[in-house]
Amino acid sequence: MPTPLMGLLLLISVAAVPACILVIVLMLRNPPRSLSRICVVLALIFGFSATAVYCYGWFSVTLGGPFPELCEDRLTSGAQLASLKQDFWPLRNACIYSDGSTVEHVSSSINVFVYVLAGLAVAMTCAAAFLYRRRARNIPEVTS
């Protein structure tokens, strides 16, 4: 993805998370008739948070940060630097040495954090859909 698009996604996500938190606070002050609305806003919070964390990791991979300067020409075991590897999913900067060992410079915790937030967003979306559907069944149809 081009850098301006990822920058725009990061900016939107960073702005949307506090806005969604404000909406949650306002909804809890004046409780809505349906719990599904709260689940929808929570799903947005988790989804935008996952997007922000992924974009942050993407920029760290793309812009390189201290990578590849952190790659040593030789490991303490004597293995020579064979290649550099950059992956965008999962986010990864790695130095690959001739003995097969790798040294990663983007923590796997960023990927785990993205997976957890995205999973929570999907779970909240499913919960909202379930609650909305259950509520829709309980409302009697009015005929004119």
# chains A, B, ... in the order shown; residues from 1 in each chain; ligands from 1
call {"tool": "select_by_dssp", "arguments": {"residues": "chain A", "states": "helix (DSSP H, G or I)", "output": "PyMOL selection string"}}
result
chain A and resi 3-29+35-62+108-138
call {"tool": "residues_around", "arguments": {"residues": "A:Ser108", "least_positions_apart": "5", "cutoff": "12 Å", "atoms": "only C-alpha atoms", "output": "count of residues only"}}
result
12
call {"tool": "residues_around", "arguments": {"residues": "stretch 76-88 of chain A", "least_positions_apart": "4", "cutoff": "12 Å", "atoms": "only C-alpha atoms", "output": "count of residues only"}}
result
35
call {"tool": "residues_around", "arguments": {"residues": "A:Phe48", "least_positions_apart": "5", "cutoff": "12 Å", "atoms": "only C-alpha atoms", "output": "list in words"}}
result
Leu9, Leu10, Leu11, Ile12, Ser13, Val14, Ala15, Ala16, Val17, Pro18, Ala19, Cys20, Ile21, Val41, Leu42, Ala43, Val53, Tyr54, Cys55, Val114, Leu117, Ala118, Leu120, Ala121 and Val122 of chain A
call {"tool": "write_last_selection", "arguments": {"atoms": "C-alpha atoms", "output": "PDB file, in the first residue's frame"}}
result
ATOM      1  CA  LEU A   9      -5.630   5.359   7.702  1.00  0.00           C
ATOM      2  CA  LEU A  10      -3.419   5.965  10.734  1.00  0.00           C
ATOM      3  CA  LEU A  11      -4.682   9.537  11.083  1.00  0.00           C
ATOM      4  CA  ILE A  12      -8.335   8.495  10.756  1.00  0.00           C
ATOM      5  CA  SER A  13      -7.890   5.654  13.242  1.00  0.00           C
ATOM      6  CA  VAL A  14      -6.129   7.806  15.809  1.00  0.00           C
ATOM      7  CA  ALA A  15      -8.910  10.414  15.535  1.00  0.00           C
ATOM      8  CA  ALA A  16     -11.767   7.891  15.522  1.00  0.00           C
ATOM      9  CA  VAL A  17     -10.820   5.994  18.685  1.00  0.00           C
ATOM     10  CA  PRO A  18     -11.258   8.980  21.062  1.00  0.00           C
ATOM     11  CA  ALA A  19     -14.425   9.984  19.206  1.00  0.00           C
ATOM     12  CA  CYS A  20     -15.874   6.487  19.726  1.00  0.00           C
ATOM     13  CA  ILE A  21     -14.863   6.551  23.390  1.00  0.00           C
ATOM     14  CA  VAL A  41     -19.427   1.349  19.007  1.00  0.00           C
ATOM     15  CA  LEU A  42     -17.136  -1.062  20.884  1.00  0.00           C
ATOM     16  CA  ALA A  43     -16.566  -2.914  17.616  1.00  0.00           C
ATOM     17  CA  VAL A  53      -1.529  -0.522  15.571  1.00  0.00           C
ATOM     18  CA  TYR A  54      -1.124  -2.193  12.175  1.00  0.00           C
ATOM     19  CA  CYS A  55      -0.358   1.134  10.467  1.00  0.00           C
ATOM     20  CA  VAL A 114      -3.497  -6.548  15.986  1.00  0.00           C
ATOM     21  CA  LEU A 117      -8.052  -6.211  18.619  1.00  0.00           C
ATOM     22  CA  ALA A 118      -9.378  -7.396  15.252  1.00  0.00           C
ATOM     23  CA  LEU A 120     -12.570  -8.410  19.524  1.00  0.00           C
ATOM     24  CA  ALA A 121     -13.966  -6.168  16.781  1.00  0.00           C
ATOM     25  CA  VAL A 122     -15.404  -9.179  14.965  1.00  0.00           C
TER      26      VAL A 122
END
call {"tool": "atom_distance", "arguments": {"atom1": "atom CA of A:Ser36", "atom2": "atom CA of A:Arg134"}}
result
9.9 Å
